[in-house]
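Raw contents of run-v1.pdb, PDB, C-alpha atoms, pLDDT in the B column:
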```pdb
ATOM      1  CA  MET F   1      46.598  45.599  -0.797  1.00 56.00           C
ATOM      2  CA  ASN F   2      44.315  44.510   2.091  1.00 70.00           C
ATOM      3  CA  ARG F   3      41.268  45.457   0.038  1.00 70.00           C
ATOM      4  CA  MET F   4      42.522  43.268  -2.797  1.00 65.00           C
ATOM      5  CA  LYS F   5      43.050  40.295  -0.455  1.00 68.00           C
ATOM      6  CA  LEU F   6      39.586  40.753   1.032  1.00 65.00           C
ATOM      7  CA  GLY F   7      38.073  40.823  -2.463  1.00 56.00           C
ATOM      8  CA  LEU F   8      39.939  37.657  -3.480  1.00 61.00           C
ATOM      9  CA  LEU F   9      38.923  35.859  -0.277  1.00 62.00           C
ATOM     10  CA  THR F  10      35.298  36.869  -0.807  1.00 64.00           C
ATOM     11  CA  MET F  11      35.400  35.630  -4.396  1.00 61.00           C
ATOM     12  CA  LEU F  12      36.989  32.344  -3.301  1.00 54.00           C
ATOM     13  CA  ALA F  13      34.308  31.871  -0.634  1.00 57.00           C
ATOM     14  CA  LEU F  14      31.565  32.434  -3.217  1.00 57.00           C
ATOM     15  CA  ILE F  15      33.120  29.926  -5.599  1.00 65.00           C
ATOM     16  CA  VAL F  16      33.462  27.278  -2.870  1.00 56.00           C
ATOM     17  CA  SER F  17      29.871  27.759  -1.698  1.00 59.00           C
ATOM     18  CA  SER F  18      28.592  27.573  -5.299  1.00 54.00           C
ATOM     19  CA  ILE F  19      30.443  24.300  -5.884  1.00 58.00           C
ATOM     20  CA  SER F  20      29.012  22.894  -2.633  1.00 48.00           C
ATOM     21  CA  LEU F  21      25.456  23.824  -3.642  1.00 44.00           C
ATOM     22  CA  VAL F  22      25.848  22.154  -7.032  1.00 40.00           C
ATOM     23  CA  ALA F  23      27.182  18.967  -5.397  1.00 43.00           C
ATOM     24  CA  VAL F  24      24.273  18.872  -2.922  1.00 44.00           C
ATOM     25  CA  ALA F  25      21.730  19.448  -5.701  1.00 42.00           C
ATOM     26  CA  GLN F  26      23.204  16.664  -7.832  1.00 42.00           C
ATOM     27  CA  SER F  27      23.309  14.141  -4.990  1.00 50.00           C
ATOM     28  CA  ALA F  28      19.714  14.976  -4.009  1.00 58.00           C
ATOM     29  CA  GLY F  29      18.508  13.739  -7.412  1.00 73.00           C
ATOM     30  CA  VAL F  30      20.154  10.308  -7.150  1.00 91.00           C
ATOM     31  CA  ALA F  31      17.787   7.550  -6.120  1.00 94.00           C
ATOM     32  CA  GLN F  32      18.774   4.537  -4.042  1.00 98.00           C
ATOM     33  CA  ALA F  33      18.272   1.411  -6.162  1.00 98.00           C
ATOM     34  CA  VAL F  34      16.555  -1.491  -4.403  1.00 98.00           C
ATOM     35  CA  ARG F  35      16.033  -4.733  -6.312  1.00 98.00           C
ATOM     36  CA  VAL F  36      12.772  -6.448  -5.370  1.00 98.00           C
ATOM     37  CA  THR F  37      12.502 -10.140  -6.219  1.00 98.00           C
ATOM     38  CA  GLU F  38       9.092 -11.790  -6.125  1.00 98.00           C
ATOM     39  CA  VAL F  39       8.893 -15.557  -5.818  1.00 95.00           C
ATOM     40  CA  SER F  40       6.060 -17.797  -4.691  1.00 89.00           C
ATOM     41  CA  ASN F  41       5.180 -16.842  -1.111  1.00 93.00           C
ATOM     42  CA  ALA F  42       7.957 -14.227  -0.658  1.00 97.00           C
ATOM     43  CA  ILE F  43       9.131 -10.756  -1.580  1.00 98.00           C
ATOM     44  CA  ARG F  44      12.843 -10.080  -1.079  1.00 98.00           C
ATOM     45  CA  PHE F  45      14.688  -6.736  -1.094  1.00 98.00           C
ATOM     46  CA  SER F  46      18.361  -6.410  -2.038  1.00 98.00           C
ATOM     47  CA  ALA F  47      18.791  -3.631   0.559  1.00 97.00           C
ATOM     48  CA  LYS F  48      16.772  -1.889   3.220  1.00 97.00           C
ATOM     49  CA  PRO F  49      15.123   1.190   1.667  1.00 98.00           C
ATOM     50  CA  LYS F  50      16.358   4.489   3.137  1.00 98.00           C
ATOM     51  CA  ALA F  51      14.579   7.810   3.478  1.00 98.00           C
ATOM     52  CA  GLY F  52      14.730   9.835   0.274  1.00 98.00           C
ATOM     53  CA  MET F  53      14.220   8.871  -3.341  1.00 98.00           C
ATOM     54  CA  VAL F  54      14.196   5.097  -3.897  1.00 98.00           C
ATOM     55  CA  LYS F  55      13.843   3.258  -7.194  1.00 98.00           C
ATOM     56  CA  PHE F  56      12.314  -0.163  -6.603  1.00 98.00           C
ATOM     57  CA  GLN F  57      13.336  -2.458  -9.485  1.00 98.00           C
ATOM     58  CA  VAL F  58      10.777  -5.252  -9.253  1.00 98.00           C
ATOM     59  CA  ARG F  59      11.311  -8.639 -10.945  1.00 98.00           C
ATOM     60  CA  ASN F  60       8.987 -11.605 -10.923  1.00 97.00           C
ATOM     61  CA  ALA F  61      11.250 -14.658 -10.564  1.00 97.00           C
ATOM     62  CA  SER F  62       8.450 -17.234 -10.456  1.00 95.00           C
ATOM     63  CA  GLY F  63       6.029 -18.808 -12.893  1.00 93.00           C
ATOM     64  CA  ASP F  64       3.003 -17.166 -11.248  1.00 94.00           C
ATOM     65  CA  ALA F  65       1.752 -13.643 -11.969  1.00 97.00           C
ATOM     66  CA  HIS F  66       2.614 -11.030  -9.319  1.00 97.00           C
ATOM     67  CA  ASP F  67       2.405  -7.304  -8.768  1.00 98.00           C
ATOM     68  CA  PHE F  68       4.045  -5.047  -6.173  1.00 98.00           C
ATOM     69  CA  TRP F  69       2.278  -2.484  -4.011  1.00 98.00           C
ATOM     70  CA  LEU F  70       3.907  -0.027  -1.605  1.00 98.00           C
ATOM     71  CA  ARG F  71       1.973   2.190   0.818  1.00 98.00           C
ATOM     72  CA  GLY F  72       3.004   4.664   3.500  1.00 98.00           C
ATOM     73  CA  GLY F  73       3.183   8.339   4.344  1.00 96.00           C
ATOM     74  CA  GLY F  74      -0.247   8.886   2.793  1.00 97.00           C
ATOM     75  CA  LYS F  75       0.822   7.589  -0.645  1.00 98.00           C
ATOM     76  CA  THR F  76       0.483   4.376  -2.627  1.00 98.00           C
ATOM     77  CA  TRP F  77       2.609   3.092  -5.519  1.00 98.00           C
ATOM     78  CA  LYS F  78       2.124  -0.077  -7.582  1.00 98.00           C
ATOM     79  CA  THR F  79       3.453  -1.941 -10.593  1.00 98.00           C
ATOM     80  CA  ARG F  80       1.441  -3.554 -13.334  1.00 97.00           C
ATOM     81  CA  VAL F  81       0.860  -7.317 -13.123  1.00 97.00           C
ATOM     82  CA  LEU F  82       4.131  -9.073 -13.950  1.00 97.00           C
ATOM     83  CA  VAL F  83       4.265 -12.534 -15.514  1.00 94.00           C
ATOM     84  CA  GLY F  84       7.223 -14.860 -14.902  1.00 86.00           C
ATOM     85  CA  GLY F  85      10.594 -13.267 -15.637  1.00 90.00           C
ATOM     86  CA  ASN F  86       9.216  -9.773 -16.331  1.00 95.00           C
ATOM     87  CA  GLY F  87       9.986  -6.652 -14.361  1.00 97.00           C
ATOM     88  CA  SER F  88       8.938  -3.100 -13.728  1.00 98.00           C
ATOM     89  CA  ALA F  89      10.119  -0.165 -11.639  1.00 98.00           C
ATOM     90  CA  ILE F  90       8.551   2.415  -9.378  1.00 98.00           C
ATOM     91  CA  THR F  91      10.232   5.422  -7.808  1.00 98.00           C
ATOM     92  CA  ALA F  92       9.052   6.675  -4.436  1.00 98.00           C
ATOM     93  CA  THR F  93      10.234   9.408  -2.112  1.00 98.00           C
ATOM     94  CA  LEU F  94      10.247   7.860   1.360  1.00 98.00           C
ATOM     95  CA  LYS F  95       9.935   9.884   4.545  1.00 98.00           C
ATOM     96  CA  LYS F  96      12.257   9.236   7.470  1.00 98.00           C
ATOM     97  CA  GLY F  97      10.625   7.385  10.366  1.00 98.00           C
ATOM     98  CA  VAL F  98       7.527   6.394   8.371  1.00 98.00           C
ATOM     99  CA  ARG F  99       6.423   2.749   8.212  1.00 98.00           C
ATOM    100  CA  TYR F 100       5.823   1.447   4.678  1.00 98.00           C
ATOM    101  CA  SER F 101       3.901  -1.730   3.859  1.00 98.00           C
ATOM    102  CA  PHE F 102       4.414  -3.777   0.706  1.00 98.00           C
ATOM    103  CA  TRP F 103       2.538  -6.725  -0.779  1.00 98.00           C
ATOM    104  CA  CYS F 104       1.399  -8.645  -3.844  1.00 98.00           C
ATOM    105  CA  SER F 105      -2.333  -8.157  -4.456  1.00 98.00           C
ATOM    106  CA  ILE F 106      -2.833 -11.159  -6.755  1.00 97.00           C
ATOM    107  CA  SER F 107      -5.287 -13.766  -5.444  1.00 95.00           C
ATOM    108  CA  ASP F 108      -4.323 -14.855  -1.903  1.00 96.00           C
ATOM    109  CA  HIS F 109      -0.579 -14.136  -2.317  1.00 97.00           C
ATOM    110  CA  ARG F 110      -0.581 -11.498   0.427  1.00 97.00           C
ATOM    111  CA  GLN F 111      -2.031 -13.934   2.970  1.00 96.00           C
ATOM    112  CA  ASP F 112       0.432 -16.608   1.805  1.00 96.00           C
ATOM    113  CA  GLY F 113       3.458 -14.523   2.840  1.00 96.00           C
ATOM    114  CA  MET F 114       3.995 -12.023   0.028  1.00 98.00           C
ATOM    115  CA  SER F 115       3.855  -8.987   2.302  1.00 98.00           C
ATOM    116  CA  GLY F 116       5.909  -7.070   4.813  1.00 98.00           C
ATOM    117  CA  SER F 117       6.859  -3.661   6.086  1.00 98.00           C
ATOM    118  CA  PHE F 118       9.856  -1.471   6.889  1.00 98.00           C
ATOM    119  CA  VAL F 119      10.581   1.901   8.459  1.00 98.00           C
ATOM    120  CA  ALA F 120      12.607   4.299   6.295  1.00 97.00           C
ATOM    121  CA  ARG F 121      15.741   5.466   8.155  1.00 94.00           C
TER     122      ARG F 121
END
```
Starting from the file, lay out its structure as structure tokens.
Amino acid sequence: MNRMKLGLLTMLALIVSSISLVAVAQSAGVAQAVRVTEVSNAIRFSAKPKAGMVKFQVRNASGDAHDFWLRGGGKTWKTRVLVGGNGSAITATLKKGVRYSFWCSISDHRQDGMSGSFVAR
């Protein structure tokens, strides 16, 4: 009888640990969604990007052309040039504690205030 209980407890422990591993694996593949709005002289984020996978959903809300660049942790990501009302997305895996810079590279937009930085937490 004790052997049977030990076998059942072992089986239950294996099932619980398998379920936990599946849940961790599924949550690891979910990206944080951050909406990026570009207007004349500003880039606004809907949320502060966190360490891990982040999908930046970039939308140009002005009449001028813009793009979006992101650099940090030895990597660079960018969108195509977006004309008014259009959007694009980039997905980046951010490292905790690393400073990331972002900007619009069109004309003098960066110098006019379309830039910034954040540290992934």
The PyMOL selection byres ((chain F and resi 61-75) around 8) - which residues does that actually catch in the file I just gave you? List them as number ranges by chain. F: 37-40, 58-60, 76-86, 94-95, 98-106
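Atom pair CA of Gln32 in chain F / CA of Met53 in chain F has a distance of 6.3 Å (rounded to one decimal).
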Residues picked by the PyMOL selection byres ((chain F and resi 89) around 8) here, as a short mmCIF file (atom, residue, chain, number, x, y, z; two decimals) with C-alpha atoms, keeping the file's coordinate frame?
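So out30.cif came out as:
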```
data_model
loop_
_atom_site.label_atom_id
_atom_site.label_comp_id
_atom_site.auth_asym_id
_atom_site.auth_seq_id
_atom_site.Cartn_x
_atom_site.Cartn_y
_atom_site.Cartn_z
CA LYS F 55 13.84 3.26 -7.19
CA PHE F 56 12.31 -0.16 -6.60
CA GLN F 57 13.34 -2.46 -9.48
CA VAL F 58 10.78 -5.25 -9.25
CA THR F 79 3.45 -1.94 -10.59
CA GLY F 87 9.99 -6.65 -14.36
CA SER F 88 8.94 -3.10 -13.73
CA ILE F 90 8.55 2.42 -9.38
CA THR F 91 10.23 5.42 -7.81
#
```
Could you jot down the CA of Lys96 in chain F to CA of Ala42 in chain F separation for me, Å, one decimal place? 25.2 Å
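Coordinates place CA of Gly116 in chain F at a distance of 9.6 Å from CA of Arg44 in chain F.
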What are the centre and the three edge lengths of an axis-aligned box that wraps all atoms of range 41-47 of chain F in the file, given that 8 Å is added to every side, written as JSON and rounded to one decimal in Å?
```
{"center_x": 12.0, "center_y": -10.2, "center_z": -0.7, "size_x": 29.6, "size_y": 29.2, "size_z": 18.6}
```
